[in-house]
Amino acid sequence: MFSTAARMTTKPPTGSKSGKAAPHFPSIHQFFTQTAPELAEPARHPDLSRVVRLLEDPVSSSLRERHISALKKVAKRCQNGFLLRDLVNVFTILNFCAERAKEHPEYASILCDLLHICRLPFLKEKASDEANYASIVTDSLSQMGYLMRVSDSKVREQICTSIISLYSSDKSKQCEDGLCPTSLGYRQELVERSGVAETLVMALGLMENRLPAKLQVLRALQVLSSSSVVNCSLMLKAEGAQKVCFHMNEPDQSGQVLFRSSEILWNLLENGSREEVTSQLSNMDCIMVLKEAFLHQLLNGYRHYDQQLRNDLLVIITLIAENPSAPLIESGFAKQLILFVTFPELKSHSTLIRNLKLSFTSEDFEMKKLLLNLLVVLSRDLSAVQLFKESRVMLALMLLVRPSSSDRRPSGKGRRSWTSVQQEELQLHALATLATVAPLMLDEYLSCQANTCLLMLLEWCTQQDSYFGQGHGFHGAGGQGRKKAQMRYCVRLLRSMVSLSNSLINQDLCDQGALSQLLGLLRQFQEREEEEDAVCVEIQTDVLLTLSALCEEDMHRKELFGAEGVEMVIRYLKMNPAQLYSGLGHNRLFLSTVDCVWSCIVGCYTTEDLFLEKEGAFLLLDFLQLSPRSMKSVLLGTLLELCDNHKTLVHVDAWRGEKDLTAPALLLQLWRQEEAELGVKRDQQGRITDVKKPILSRYQEEEPLVSVAANRPSAAVMDVSENLRSKIYCLFCRIGFEDLRGLTTEEDYITLSIVSRYLDFKTGEVWNEVSAELELEGVRPITPDAEALSTIAQTSEDTARHVCSLQQSILDQQKQEDLEEEKLAYKEISLNRKQQELTAKSWQHHVAKTSDYKILKESKLLQERSIESSRPREKSDGFIFHSTCIPGLQTTNFFSRVLTIESTPASLTGGPLANTDLALERVPIEGGPLRKVAPSNAELELPNTRGAAGASGSAVTGAERTDWDFTMAAELSTSINIKEPRWDQGTFIGRAKHFFTVTDPRNILLSNEQLEKAHRIIQDYRQGVVTPGLTEDELWRAKYIFDSAFHPDTGEKMLVIGRMSAQVPMNMTITGCMMTFYRTTPAVLFWQWINQSFNAIVNYTNRSGDAPITVNQLCTAYVSATTGAVATALGLNALAKHISPLVGRFVPFAAVAAANCINIPLMRQRELKHGIPVTDENDNRLGESTNAAQQAISQVVISRILMASPGMAIPPFLMNSLEKKAFLKRFPWMSAPIQVGLVGFCLVFATPLCCALFPQKSSMALSRLEPELQEKIRASHPGVERVYFNKGL
């Protein structure tokens, strides 16, 4: 949009005779020059530049006739319109004529002729001319508007006519010379950009006493504002609404001024800013103008046109009344309008009313409805209520509300009234108006006995008669052919009145039987078979809300609500939840039903018991599970109040929802959903992440801290009422926090731990707000108060930490349970797999027997050996044995179940042999599956089993073929924990027994077959399969053999010299040689290298499977330990040359000790950097500690040094004494074997005893850990005071 200042430029005057400065006028700059030959001017169009030069030439300034002749030629030759490229010259000529017209009137006629041509669309030579000359056209149109400064009326009228034609006329046709007119849309856009609408509004002030010109300006403004938002904004910018209103009542016999002014105001209201229009009209002058115009049309206008104009003015006045600053009441106009509202229902002595006559036409009917609507708008101003009372508006409205009947129409000749259709619509409109106005005039409402009238109207609505409602109006929607529309607005009015909680109104309604009448109305709706629509749903909703308002906090009315009301409510609660999303208002109906339960049932034990008997609590819980979030607050509040009745708790406990969901589980689910909606910080398991803000929502955290007044609730207090958590907590307080049904996941228990502490957390949150506000206000509490605030904050944090630890224990317990279930499932799978393998092997063996006679013979022999092995070698007295040798028996396979046979007890047989040695005795049979026994046990004598062997002998042939014998034996338990040592590791004796078994040198003598056998026994036992005939001692023996030869992580067989059982023989050999050959440097170098190489092999063989020793670590430790040991040995040897030989014998010990101090820390340097895992007494991991790693490595180094000390400290004394004896002097080569033997004897006991010095699972006080780790453990596990770790070997 171009501004006025940007479009106007000044030009010095030319050709002035008087020598005075001529008035400045806007001019247009030429932006494009004609240079191309294709732009040559057509022959029919004059060269306007020559005309301009003629007019501007000072020499020809006095040649007026020549000027006029040239201008007439221009007007004659441009009858089809002006070219776009000529507009600069055209408007230069127009401005010239406008200036000369002041002194020479003949220029005015030429100006009119040229402006008359401007009404035609501008012509373009090429399609691109519209875009190229857009700015010139915009400025030209703006100049046209500024030509309104010319005082000649005809010029002004022609300007307005041309603008109207340019903006609205579209006579697009191609000229004969190939020129095309510009499009209508192009012209309209540039007219809007030119701002000519604003110019015309300002030109209204120049139109005094010039009615034709003023009408033309108003007509132009009407056209410009009819469909353009831009033009309306420009007009309002120039205060067009106010200026047009001021000219509205100027004398005009035709009435065009008033009509066009009202049309302009209408256009501004529709296309412009309604607020700006009403703001410009909301002053006393405009109100008085509108008042005068409206009254003139009301009292003097009898034509249909006048009545339409009157109604249009009334709509404008209504819109102005919506502005609170409009002085309608101060001007007295409001009082007059209110009087018109009561006509013709009430008679008045006012002069206006006496002179007013209605023809009851459609326009009068529209005015009546507009006046009723004006009442609603005026009711927003309380000062207008007094006017309502003075004008008896309530009585007039109640007269309109009365039920329709044929006798209401006035009779008599010449009397007229509203038609039945109009009367119905006015009745509905009056009811809608009363819903807003009646609550403001309670005394008038009671004095008119409005309750009685409304109840009678409601009863009339429920009657079945011949009334046929039209329902054509806005308020009659949905009521055509019935009385549903009247019922709708009547119930709405009743709801508006009872919601005021006025005791007189409510008591009056109850005294007249409103409760039973409303319940009957609900019953009628529920018994209808037709499909419900939005109006029916709205009526039922309003009835339920009315009942709620009447019965709230009144026990007697709740009793009157009674069984019938409970039955109605139950039916509504059984609504299909899918209807909540029907779009007909069922969601509001359901909310009103819940509110009815809260207000009409809860609090009265009689109705509560009836409600519970009909499973009302179940229905509320069903809807609580399925309803949207916006309804859950009301449902929870109702349930909470209902739980004051102890019978409700039984129903809550018994309720089951979808997927067998219980009420506690549902409440916890709602809690989690609410916290997710509020943005409360929780981790993936739902645990507390910030102990300082355990329940703080994201909205509270983002809200800036401000100091609030004492009577205003803070954010923490508002949070209690704005979300569901407080109601859920109160419900749990009713049903309890323990022994809740249906909590199956750890997530439920984690959430429950937070819910149980909600009040404590909220209390701490409020006190934190108090502290923050005090700090914000710069208030320092006194010392006792400050200590109290600090204690409260610390208590809240401690409570949160306690909840965190409880949540962690819940997760750990659930994890352990899941692990146990996984183990059981794996064990079952393993057993099934093992059984399948045994079945397959049995079938293969059976097939082999049927196809290979040799195998059949072996099976037969195996059967006979098994039977024979089960017989005792000595026959005891008193036993009767049954022979299993059946002559002619050829069957070797028994396909039925194995039978258990017992001899009949002698006490039952009786007879002559009962008391003799030949009496039958009861033979106990030891049942169970067939078991394998080792060959060494084949010859054992088993008493009391011969009968069993005979009974089951035929079944043996189906067993697996092996070299082992089969026997019946009891199965070894699978509950032995072979992952842990056999003996108690909490005592030194237990640890010593364990390491004596682990380091037993005899284990290196076992063959591969024995090792594989032990491996198989352990693997089967871990899978739950017990080797037949296996004893507990044999199991533990196999376990230690397995541990001595196989790597615990990878399961691979270890190198022989790297096993723990090889420690004694290898160390005794290497140590003995080191202590024998220590005198020469080559010997020291060789044996120290051998010792450290052996240590490297041991470290590599016993490396960790999860975090293996890297080659770099192994080489570094190997080189460093060898270097340290050699350097120590050589250095001490050099010193020992000058001291006693006995001291020299201890040099190898010092070298070994130094090597251990270097080797072990280097091998475990990663633990010193990053720490080792520490746990609590239940093996729950707490973190990694470097302090624990230092203690563990120190204990290992001490154990290694002490392990070597007996073998390297005791033999030197003995050998030093023996070398002085004659035996070693005679046989010096025996020195080495004796030395090795002595060292070996010491190591056999020193190795296990020194390994047992410290527990494998060491411990240390929590206070000795790193400070940050201490803080972490105290936060997550408050009760832990001691931690545990594996020290390693």
# chains A, B, ... in the order shown; residues from 1 in each chain; ligands from 1
>>> residues_around(residues="Leu550 in chain A", least_positions_apart="4", cutoff="10 Å", atoms="only C-alpha atoms", output="ChimeraX atom specification")
/A:495,498-499,501-503,505-507,509-510,514-515,544-546,554,557-558,599-600
>>> closest_residue(among="A:Tyr305, A:Glu363, A:Ser391, A:Asn283", to="Phe343 in chain A", atoms="only C-alpha atoms")
A:Ser391
>>> select_by_dssp(residues="range 139-239 of chain A", states="alpha helix (DSSP H)", output="ChimeraX atom specification")
/A:139-146,153-168,184-194,196-203,211-225,229-237
>>> closest_residue(among="A:Ile316, A:Ala1038, A:Ile695, A:Val1098", to="Gln1010 in chain A", atoms="only C-alpha atoms")
A:Ala1038
>>> atom_distance(atom1="CA of Gly986 in chain A", atom2="CA of Ile1041 in chain A")
23.1 Å
>>> residues_around(residues="Ser49 in chain A", least_positions_apart="4", cutoff="9 Å", atoms="only C-alpha atoms", output="list in words")
Arg53, Leu54, Asp86 and Asn89 of chain A
>>> residues_around(residues="range 581-589 of chain A", least_positions_apart="2", cutoff="9 Å", atoms="only C-alpha atoms", output="list in words")
Glu532, Asp533, Ala534, Val535, Val537, Glu538, Gln540, Thr541, Asp542, Leu544, Tyr572, Met575, Pro577, Ala578, Gln579, Leu591, Ser592, Thr593, Val594 and Met631 of chain A
>>> select_by_dssp(residues="range 79-277 of chain A", states="strand (DSSP E)", output="list of chain:residue names")
A:Leu123, A:Lys124, A:Cys180, A:Pro181
>>> write_last_selection(atoms="C-alpha atoms", output="CSV table (one decimal), in the first residue's frame")
chain,number,residue,atom,x,y,z
A,123,LEU,CA,-5.6,-0.1,-22.6
A,124,LYS,CA,-2.5,-2.3,-22.9
A,180,CYS,CA,-6.8,-4.8,-25.0
A,181,PRO,CA,-8.4,-3.5,-21.9
>>> residues_around(residues="Arg725 in chain A", least_positions_apart="6", cutoff="12 Å", atoms="only C-alpha atoms", output="PyMOL selection string")
chain A and resi 632-633+636-637+667-678+680+695-697+719+731-732+751-752+754-759+762
>>> residues_around(residues="range 286-288 of chain A", least_positions_apart="2", cutoff="12 Å", atoms="only C-alpha atoms", output="ChimeraX atom specification")
/A:241-249,277-284,290-295,313-314,316-318,320-321,325-334
>>> write_last_selection(atoms="C-alpha atoms", output="PDB file, in the first residue's frame")
ATOM      1  CA  ALA A 241     -17.557   4.590  10.276  1.00  0.00           C
ATOM      2  CA  GLN A 242     -17.838   7.661  12.462  1.00  0.00           C
ATOM      3  CA  LYS A 243     -17.823  10.128   9.560  1.00  0.00           C
ATOM      4  CA  VAL A 244     -20.437   8.175   7.620  1.00  0.00           C
ATOM      5  CA  CYS A 245     -22.617   7.998  10.718  1.00  0.00           C
ATOM      6  CA  PHE A 246     -22.426  11.775  11.192  1.00  0.00           C
ATOM      7  CA  HIS A 247     -23.885  12.332   7.696  1.00  0.00           C
ATOM      8  CA  MET A 248     -26.625   9.736   8.127  1.00  0.00           C
ATOM      9  CA  ASN A 249     -29.458  12.078   9.164  1.00  0.00           C
ATOM     10  CA  VAL A 277     -16.258  -0.135  13.803  1.00  0.00           C
ATOM     11  CA  THR A 278     -18.131  -0.428  17.112  1.00  0.00           C
ATOM     12  CA  SER A 279     -15.372   1.540  18.826  1.00  0.00           C
ATOM     13  CA  GLN A 280     -15.777   4.447  16.359  1.00  0.00           C
ATOM     14  CA  LEU A 281     -19.563   4.365  16.752  1.00  0.00           C
ATOM     15  CA  SER A 282     -19.478   4.097  20.576  1.00  0.00           C
ATOM     16  CA  ASN A 283     -19.674   7.814  21.308  1.00  0.00           C
ATOM     17  CA  MET A 284     -22.572   9.978  22.304  1.00  0.00           C
ATOM     18  CA  LEU A 290     -28.531   6.278  15.290  1.00  0.00           C
ATOM     19  CA  LYS A 291     -31.273   6.841  17.840  1.00  0.00           C
ATOM     20  CA  GLU A 292     -32.837   9.588  15.738  1.00  0.00           C
ATOM     21  CA  ALA A 293     -32.606   7.507  12.569  1.00  0.00           C
ATOM     22  CA  PHE A 294     -34.093   4.397  14.201  1.00  0.00           C
ATOM     23  CA  LEU A 295     -36.974   6.218  15.852  1.00  0.00           C
ATOM     24  CA  LEU A 313     -30.166  -0.082  12.051  1.00  0.00           C
ATOM     25  CA  LEU A 314     -31.301  -2.212  14.987  1.00  0.00           C
ATOM     26  CA  ILE A 316     -25.999  -2.163  14.043  1.00  0.00           C
ATOM     27  CA  ILE A 317     -27.200  -0.832  17.405  1.00  0.00           C
ATOM     28  CA  THR A 318     -27.080  -4.372  18.865  1.00  0.00           C
ATOM     29  CA  ILE A 320     -22.616  -1.430  19.268  1.00  0.00           C
ATOM     30  CA  ALA A 321     -24.261  -2.527  22.526  1.00  0.00           C
ATOM     31  CA  SER A 325     -18.060   1.630  26.587  1.00  0.00           C
ATOM     32  CA  ALA A 326     -21.046   2.442  24.342  1.00  0.00           C
ATOM     33  CA  PRO A 327     -23.234   5.072  26.100  1.00  0.00           C
ATOM     34  CA  LEU A 328     -26.572   3.485  25.204  1.00  0.00           C
ATOM     35  CA  ILE A 329     -27.908   3.765  28.733  1.00  0.00           C
ATOM     36  CA  GLU A 330     -26.580   7.300  29.261  1.00  0.00           C
ATOM     37  CA  SER A 331     -28.201   8.487  26.062  1.00  0.00           C
ATOM     38  CA  GLY A 332     -31.600   7.118  27.122  1.00  0.00           C
ATOM     39  CA  PHE A 333     -31.744   5.031  23.973  1.00  0.00           C
ATOM     40  CA  ALA A 334     -31.543   1.747  25.924  1.00  0.00           C
TER      41      ALA A 334
END
